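Just input-v5.tsv here, TSV, C-alpha atoms:
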```tsv
chain	number	residue	atom	x	y	z
D	521	MET	CA	-24.36	-9.33	-1.40
D	522	SER	CA	-22.71	-10.81	-4.50
D	523	ARG	CA	-20.60	-13.94	-4.63
D	524	VAL	CA	-17.55	-11.65	-4.49
D	525	MET	CA	-18.27	-11.48	-0.76
D	526	SER	CA	-18.84	-15.21	-0.23
D	527	GLY	CA	-15.28	-16.04	0.78
D	528	ILE	CA	-14.85	-13.14	3.12
D	529	TYR	CA	-15.42	-14.98	6.39
D	530	THR	CA	-12.74	-17.59	5.75
D	531	ALA	CA	-10.17	-15.18	4.37
D	532	VAL	CA	-10.50	-12.54	7.07
D	533	ALA	CA	-10.56	-15.19	9.81
D	534	ALA	CA	-7.31	-16.55	8.40
D	535	ALA	CA	-5.87	-13.05	8.47
D	536	LEU	CA	-6.88	-12.70	12.12
D	537	MET	CA	-5.27	-16.04	12.98
D	538	LEU	CA	-2.06	-14.87	11.32
D	539	ALA	CA	-2.21	-11.62	13.27
D	540	PHE	CA	-2.77	-13.62	16.47
D	541	LEU	CA	0.30	-15.76	15.83
D	542	VAL	CA	2.37	-12.67	15.16
D	543	GLY	CA	0.94	-11.19	18.33
D	544	THR	CA	2.75	-13.77	20.50
D	545	ALA	CA	5.81	-11.52	20.25
D	546	PRO	CA	6.46	-9.06	23.14
D	547	LYS	CA	3.63	-6.56	23.43
D	548	ALA	CA	4.15	-3.02	22.14
D	549	GLU	CA	3.63	-0.05	24.43
D	550	ALA	CA	0.63	1.28	22.50
D	551	ARG	CA	-2.83	-0.31	22.31
D	552	GLU	CA	-2.56	-3.41	20.16
D	553	LEU	CA	-4.64	-5.89	18.22
D	554	ASP	CA	-4.99	-8.36	21.08
D	555	GLU	CA	-6.68	-5.70	23.22
D	556	ILE	CA	-9.17	-5.02	20.42
D	557	LEU	CA	-9.87	-8.74	20.09
D	558	ASP	CA	-10.42	-9.08	23.84
D	559	SER	CA	-12.88	-6.18	23.90
D	560	LYS	CA	-14.59	-7.35	20.68
D	561	GLU	CA	-14.88	-3.66	19.72
D	562	ILE	CA	-12.85	-1.41	17.46
D	563	HIS	CA	-13.15	2.36	17.64
D	564	LEU	CA	-13.11	3.89	14.17
D	565	GLY	CA	-12.60	7.61	13.72
D	566	TYR	CA	-14.50	9.13	10.80
D	567	ILE	CA	-15.21	12.56	9.37
D	568	ILE	CA	-18.17	13.85	7.37
D	569	TYR	CA	-16.91	13.47	3.80
D	570	PRO	CA	-19.66	12.20	1.49
D	571	PRO	CA	-19.98	9.82	-0.22
D	572	LEU	CA	-17.15	8.10	1.72
D	573	MET	CA	-18.69	8.88	5.11
D	574	ASN	CA	-21.83	10.77	6.04
D	575	ARG	CA	-24.23	11.22	8.93
D	576	ASP	CA	-27.90	12.17	8.73
D	577	PRO	CA	-28.28	15.34	10.87
D	578	GLN	CA	-31.77	14.36	12.03
D	579	SER	CA	-31.51	10.63	12.68
D	580	GLY	CA	-27.77	10.39	13.27
D	581	GLU	CA	-27.67	7.40	10.91
D	582	LEU	CA	-24.31	6.83	9.25
D	583	SER	CA	-23.93	6.05	5.57
D	584	GLY	CA	-21.31	6.12	2.82
D	585	PHE	CA	-19.35	3.28	1.24
D	586	VAL	CA	-16.42	3.36	3.69
D	587	ILE	CA	-18.76	3.03	6.66
D	588	GLU	CA	-20.90	0.37	4.97
D	589	ALA	CA	-17.92	-1.68	3.82
D	590	LEU	CA	-16.20	-1.62	7.22
D	591	ASN	CA	-19.42	-2.41	9.09
D	592	PHE	CA	-19.68	-5.51	6.92
D	593	MET	CA	-16.02	-6.47	7.29
D	594	PHE	CA	-15.74	-6.12	11.05
D	595	GLU	CA	-19.16	-7.59	11.81
D	596	SER	CA	-18.25	-10.64	9.72
D	597	ILE	CA	-15.41	-11.40	12.16
D	598	LYS	CA	-17.49	-10.63	15.26
D	599	ILE	CA	-15.84	-7.32	16.07
D	600	LYS	CA	-18.23	-4.43	16.73
D	601	PRO	CA	-17.30	-1.19	14.93
D	602	VAL	CA	-17.83	1.83	17.18
D	603	TRP	CA	-17.90	5.00	15.10
D	604	VAL	CA	-16.45	8.18	16.60
D	605	GLU	CA	-16.73	11.47	14.73
D	606	VAL	CA	-13.53	13.53	14.71
D	607	GLY	CA	-12.18	16.43	12.67
D	608	TRP	CA	-9.24	16.91	10.34
D	609	SER	CA	-7.49	18.93	13.04
D	610	THR	CA	-8.33	16.54	15.91
D	611	PHE	CA	-8.00	12.98	14.57
D	612	ALA	CA	-4.28	12.72	15.42
D	613	ALA	CA	-4.95	13.73	19.03
D	614	ALA	CA	-7.84	11.25	19.16
D	615	LEU	CA	-5.43	8.49	18.09
D	616	GLN	CA	-2.74	9.48	20.56
D	617	SER	CA	-5.22	9.56	23.45
D	618	ASP	CA	-6.80	6.20	22.49
D	619	GLN	CA	-10.21	7.72	21.83
D	620	ILE	CA	-10.03	5.87	18.52
D	621	ASP	CA	-8.01	2.88	17.32
D	622	ILE	CA	-7.94	3.82	13.63
D	623	PHE	CA	-8.71	6.94	11.65
D	624	VAL	CA	-10.45	5.68	8.51
D	625	GLY	CA	-11.39	9.14	7.25
D	626	GLY	CA	-9.02	8.92	4.32
D	627	SER	CA	-6.02	11.02	5.28
D	628	PHE	CA	-3.25	11.63	2.77
D	629	ALA	CA	-0.20	9.56	3.65
D	630	THR	CA	2.86	11.77	3.28
D	631	PRO	CA	6.45	11.41	4.54
D	632	GLN	CA	5.94	14.39	6.84
D	633	ARG	CA	2.81	12.95	8.46
D	634	SER	CA	4.40	9.52	8.82
D	635	LEU	CA	6.83	11.00	11.33
D	636	ALA	CA	3.89	11.36	13.75
D	637	LEU	CA	1.54	8.54	12.68
D	638	ALA	CA	1.71	5.15	11.00
D	639	PHE	CA	-0.23	4.67	7.77
D	640	THR	CA	-1.67	1.60	6.12
D	641	GLN	CA	-1.22	0.85	2.45
D	642	PRO	CA	-3.40	3.11	0.28
D	643	PHE	CA	-7.03	2.21	-0.39
D	644	ALA	CA	-7.48	4.90	-3.06
D	645	TYR	CA	-5.85	7.98	-4.55
D	646	MET	CA	-6.82	11.62	-4.94
D	647	GLY	CA	-5.17	14.63	-6.50
D	648	ASN	CA	-5.88	18.28	-7.17
D	649	ASP	CA	-7.68	19.98	-10.03
D	650	VAL	CA	-8.25	23.41	-11.53
D	651	VAL	CA	-11.80	24.67	-12.05
D	652	VAL	CA	-12.56	27.59	-14.39
D	653	ARG	CA	-15.64	29.14	-15.92
D	654	THR	CA	-16.80	27.20	-18.96
D	655	ALA	CA	-16.81	30.37	-21.04
D	656	ASP	CA	-13.08	30.80	-20.31
D	657	ALA	CA	-12.04	27.18	-20.85
D	658	GLU	CA	-11.73	27.54	-24.62
D	659	SER	CA	-10.39	31.08	-24.56
D	660	LYS	CA	-7.94	32.23	-21.92
D	661	PHE	CA	-7.23	28.66	-20.73
D	662	LYS	CA	-7.22	26.81	-24.06
D	663	ASP	CA	-3.41	26.40	-24.09
D	664	VAL	CA	-3.05	25.32	-20.46
D	665	LYS	CA	-1.30	21.95	-20.33
D	666	GLU	CA	0.11	21.98	-16.79
D	667	LEU	CA	-0.35	23.92	-13.57
D	668	ALA	CA	2.64	26.20	-14.22
D	669	ASP	CA	0.85	27.56	-17.29
D	670	LEU	CA	-1.55	29.36	-14.95
D	671	ASP	CA	1.16	31.56	-13.48
D	672	GLN	CA	0.26	34.55	-15.64
D	673	GLU	CA	-0.11	38.25	-14.98
D	674	GLY	CA	-3.74	39.25	-14.70
D	675	LEU	CA	-5.01	35.86	-13.46
D	676	THR	CA	-6.52	35.42	-10.00
D	677	ILE	CA	-6.48	31.91	-8.54
D	678	ALA	CA	-8.48	30.98	-5.45
D	679	SER	CA	-7.62	28.14	-3.09
D	680	GLN	CA	-8.67	27.05	0.38
D	681	LEU	CA	-6.53	28.86	2.93
D	682	GLY	CA	-4.16	26.55	4.80
D	683	GLY	CA	-4.44	23.66	2.35
D	684	ALA	CA	-1.52	22.11	0.51
D	685	PRO	CA	-2.69	23.45	-2.90
D	686	TYR	CA	-2.77	27.00	-1.54
D	687	ASP	CA	0.66	26.60	0.05
D	688	TYR	CA	2.06	25.32	-3.24
D	689	LEU	CA	0.71	28.29	-5.21
D	690	LYS	CA	2.08	30.79	-2.70
D	691	ALA	CA	5.49	29.13	-2.77
D	692	HIS	CA	5.87	28.71	-6.54
D	693	PHE	CA	3.71	31.25	-8.38
D	694	THR	CA	5.16	34.72	-8.91
D	695	LYS	CA	2.88	36.34	-11.51
D	696	ALA	CA	-0.73	35.25	-10.86
D	697	LYS	CA	-2.60	36.67	-7.87
D	698	ILE	CA	-3.23	33.96	-5.27
D	699	VAL	CA	-6.29	34.45	-3.06
D	700	GLY	CA	-6.79	32.29	0.02
D	701	VAL	CA	-10.42	31.62	0.93
D	702	GLU	CA	-11.36	30.61	4.44
D	703	SER	CA	-14.60	28.69	4.85
D	704	SER	CA	-15.98	25.45	6.23
D	705	ASN	CA	-17.45	24.97	2.75
D	706	GLN	CA	-14.76	23.15	0.78
D	707	SER	CA	-16.38	24.33	-2.46
D	708	GLN	CA	-15.75	27.98	-1.62
D	709	ALA	CA	-12.89	28.39	-4.12
D	710	SER	CA	-15.11	27.13	-6.94
D	711	LEU	CA	-17.86	29.48	-5.79
D	712	GLU	CA	-15.40	32.38	-6.06
D	713	VAL	CA	-14.87	31.43	-9.70
D	714	LEU	CA	-18.59	31.06	-10.28
D	715	ALA	CA	-19.17	34.54	-8.84
D	716	GLY	CA	-16.44	36.08	-11.01
D	717	HIS	CA	-14.18	36.92	-8.06
D	718	ALA	CA	-11.43	34.59	-9.36
D	719	ASP	CA	-10.45	33.21	-12.75
D	720	ALA	CA	-9.57	29.73	-11.50
D	721	ALA	CA	-9.74	27.58	-8.38
D	722	TYR	CA	-7.04	25.09	-7.43
D	723	TRP	CA	-8.22	22.49	-4.93
D	724	ASP	CA	-9.01	18.85	-4.17
D	725	ALA	CA	-10.02	17.03	-7.38
D	726	PHE	CA	-12.74	15.17	-5.47
D	727	ILE	CA	-14.40	18.42	-4.39
D	728	SER	CA	-13.79	20.04	-7.77
D	729	ALA	CA	-15.50	17.19	-9.61
D	730	ARG	CA	-18.56	17.58	-7.42
D	731	ASP	CA	-18.60	21.35	-8.02
D	732	VAL	CA	-18.49	20.85	-11.79
D	733	GLN	CA	-21.23	18.22	-11.55
D	734	GLU	CA	-23.44	20.68	-9.66
D	735	HIS	CA	-22.77	23.51	-12.14
D	736	PRO	CA	-22.18	21.70	-15.46
D	737	GLU	CA	-23.01	24.68	-17.65
D	738	GLN	CA	-20.97	27.25	-15.73
D	739	LEU	CA	-17.85	25.38	-14.51
D	740	THR	CA	-15.27	23.23	-16.28
D	741	SER	CA	-12.43	21.09	-14.95
D	742	LEU	CA	-9.00	21.41	-16.59
D	743	PHE	CA	-7.32	18.30	-15.14
D	744	GLY	CA	-10.21	16.09	-14.04
D	745	ALA	CA	-9.14	13.02	-16.01
D	746	SER	CA	-5.51	13.31	-14.93
D	747	PRO	CA	-5.36	15.06	-11.55
D	748	LEU	CA	-2.33	16.98	-10.35
D	749	ASP	CA	-0.16	16.07	-7.38
D	750	VAL	CA	-1.81	12.71	-6.72
D	751	SER	CA	-1.45	11.43	-3.14
D	752	PRO	CA	-2.38	8.10	-1.51
D	753	LEU	CA	-5.38	7.87	0.79
D	754	ALA	CA	-4.74	5.61	3.76
D	755	TRP	CA	-5.87	4.83	7.29
D	756	ALA	CA	-3.87	6.17	10.21
D	757	ILE	CA	-2.91	4.58	13.53
D	758	LYS	CA	-0.35	5.31	16.23
D	759	HIS	CA	3.23	4.18	15.89
D	760	LYS	CA	4.33	0.98	17.68
D	761	GLU	CA	1.23	-1.05	16.75
D	762	PRO	CA	2.80	-3.58	14.33
D	763	GLU	CA	0.22	-6.35	14.71
D	764	LEU	CA	-2.69	-3.95	14.14
D	765	LEU	CA	-0.94	-2.45	11.12
D	766	ALA	CA	-0.27	-5.91	9.65
D	767	PHE	CA	-3.91	-6.90	10.10
D	768	LEU	CA	-5.26	-3.70	8.55
D	769	ASN	CA	-2.96	-4.06	5.54
D	770	THR	CA	-4.16	-7.64	5.10
D	771	MET	CA	-7.76	-6.47	5.22
D	772	LEU	CA	-7.15	-3.65	2.73
D	773	GLU	CA	-5.31	-5.95	0.33
D	774	TYR	CA	-8.14	-8.44	0.51
D	775	MET	CA	-10.83	-5.79	-0.03
D	776	GLU	CA	-8.96	-4.46	-3.05
D	777	THR	CA	-8.24	-7.78	-4.75
D	778	ASN	CA	-11.58	-9.49	-4.19
D	779	GLY	CA	-13.69	-6.48	-5.24
D	780	THR	CA	-15.13	-5.49	-1.86
D	781	TRP	CA	-14.36	-1.81	-2.37
D	782	ILE	CA	-15.86	-1.82	-5.86
D	783	GLU	CA	-18.96	-3.61	-4.56
D	784	PHE	CA	-19.67	-0.96	-1.93
D	785	GLU	CA	-18.60	1.96	-4.10
D	786	ARG	CA	-20.92	1.02	-6.97
D	787	PRO	CA	-24.07	2.79	-5.64
D	788	TYR	CA	-22.04	6.00	-5.27
D	789	ARG	CA	-20.22	6.02	-8.62
D	790	ASP	CA	-21.89	9.22	-9.80
D	791	GLU	CA	-20.38	11.04	-6.80
D	792	LEU	CA	-16.84	9.71	-7.11
D	793	GLY	CA	-15.24	12.03	-9.62
D	794	GLY	CA	-11.63	12.76	-8.69
D	795	TYR	CA	-11.30	9.50	-6.73
D	796	PHE	CA	-9.08	6.79	-8.23
D	797	HIS	CA	-7.86	3.22	-7.85
D	798	VAL	CA	-4.70	1.76	-9.33
D	799	LYS	CA	-5.50	-0.76	-12.06
D	800	ARG	CA	-4.09	-4.22	-11.39
D	801	GLU	CA	-2.68	-6.45	-14.07
D	802	TYR	CA	-2.34	-10.19	-13.46
D	803	VAL	CA	0.38	-11.96	-15.44
D	804	PRO	CA	0.17	-15.80	-15.60
D	805	ALA	CA	3.24	-17.40	-14.01
D	806	GLY	CA	2.75	-20.64	-15.93
D	807	GLY	CA	0.25	-23.08	-17.39
D	808	PRO	CA	-1.54	-22.91	-20.74
D	809	SER	CA	-2.58	-19.28	-20.28
D	810	ALA	CA	1.07	-18.23	-19.99
D	811	GLU	CA	1.93	-19.59	-23.45
```

Rewritten as structure tokens:
Amino acid sequence: MSRVMSGIYTAVAAALMLAFLVGTAPKAEARELDEILDSKEIHLGYIIYPPLMNRDPQSGELSGFVIEALNFMFESIKIKPVWVEVGWSTFAAALQSDQIDIFVGGSFATPQRSLALAFTQPFAYMGNDVVVRTADAESKFKDVKELADLDQEGLTIASQLGGAPYDYLKAHFTKAKIVGVESSNQSQASLEVLAGHADAAYWDAFISARDVQEHPEQLTSLFGASPLDVSPLAWAIKHKEPELLAFLNTMLEYMETNGTWIEFERPYRDELGGYFHVKREYVPAGGPSAE
């Protein structure tokens, strides 16, 4: 590991000490940080979503930069990460029933979801994208500058049934034909375009980037460099766990500022289209460099 990691033990230990001092306040009703420290285990909910998180179907071995980074982080402070596979539709119930302490699968933090769960600060950002056939990109789609430009008579747009992109199209588009596809394969909308069953697919920019990478001659992204409807990716916990939330935010801030995320993401860069960080800018407060 690079020198970027060399200060991690001291910094995270200090964060834990701070969380411990805060934890002397009256205990919340829900499972809290002190219980995790006593057990020396933390139960982390994950979902198969490569290259963030993956599991080998034969060996059961876990991989992906989120899993690798958190194994390193928690093991460095003598807390054993116990990985529990959940689903998009079941992770909230797993949190509420204490099957897991944190869902680190990268859920989108929205005001609506925050009514039921507490979210950490974001660790990355994702948006949506439109995929079309390459042959059409410079013809029927050459003047498309924003999503609303696709609401045209004669166009068929595919999107994953039940997802936010599909719901948006159904609510706002009045001219284009909106087709909902239902499949466990998140690339199904792009495949509909590839097969000629739809003119465009509107879906997760992360998935869309992978689809274009797999079919570079046939598919083209319209908004890959500047995704639509960007949302923050965050970890989720139950409400009423203030000490745990404070600790996780400290960990995420540390991982972002000292380069931990970048270090573990680096081997997977070719697979991270549609996945973004916010660029930090440091402004000198004083001294010679401020002049």

- Message: Just the number, please: distance in Å from CA of Leu635 (chain D) to CA of Phe623 (chain D), one decimal.
- Response: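 Taking CA of Leu635 (chain D) and CA of Phe623 (chain D), their separation equals 16.1 Å.
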
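CA of Ser634 (chain D) lies 14.3 Å from CA of Pro762 (chain D).
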
- With only C-alpha atoms as the atoms that count, which of D:Glu552, D:Glu605, D:Glu783, D:Glu791 lies nearest to Glu761 (chain D)?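 Ranking D:Glu552, D:Glu605, D:Glu783, D:Glu791 by distance to Glu761 (chain D), first place goes to D:Glu552.
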
- Task: Would you mind reading off the distance between CA of Tyr722 (chain D) and CA of Ile782 (chain D), one decimal, in Å?
- Result: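 That distance, rounded to one decimal, is 28.4 Å.
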
- Take the point (-1.4, 16.9, -9.1) in the file's coordinates, draw a sphere of radius 12 Å around it, and report as an MDAnalysis selection string every protein, DNA or RNA residue with an atom inside or on it, counting only C-alpha atoms. chainID D and resid 645:650 666:668 684:685 688 722:725 742:752 794

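Near Gly793 (chain D), within 7 Å and counting all atoms listed in the file, sit Phe726, Ala729 and Arg730 of chain D, not including residues fewer than 4 positions from it in the same chain.
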
- Message: Tell me which residues come within 8 Å of (-7.1, 6.0, 8.1), as a list in words, counting all atoms listed in the file in the file's coordinates.
- Response: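 Counting all atoms listed in the file, I find these residues within 8 Å of (-7.1, 6.0, 8.1): Ile622, Phe623, Val624, Gly625, Gly626, Ser627, Phe639, Thr640, Leu753, Ala754, Trp755, Ala756 and Ile757 of chain D.
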
- Nearest-residue call for Ala718 (chain D), choices D:Ser704, D:Gln616, D:Thr740, D:Thr676, using all atoms listed in the file: D:Thr676

- Task: May I ask which of the residues D:Ala720, D:Glu588, D:Ala696, D:Leu764 is the closest one to Ala638 (chain D), counting only C-alpha atoms?
- Result: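 Closest to Ala638 (chain D), using only C-alpha atoms: D:Leu764.
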
- Task: Tell me which of D:Ile597, D:Ala691, D:Ser741, D:Val604 sits closest to Lys662 (chain D), counting all atoms listed in the file.
- Result: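 Of D:Ile597, D:Ala691, D:Ser741, D:Val604, the one nearest Lys662 (chain D), counting all atoms listed in the file, is D:Ser741.
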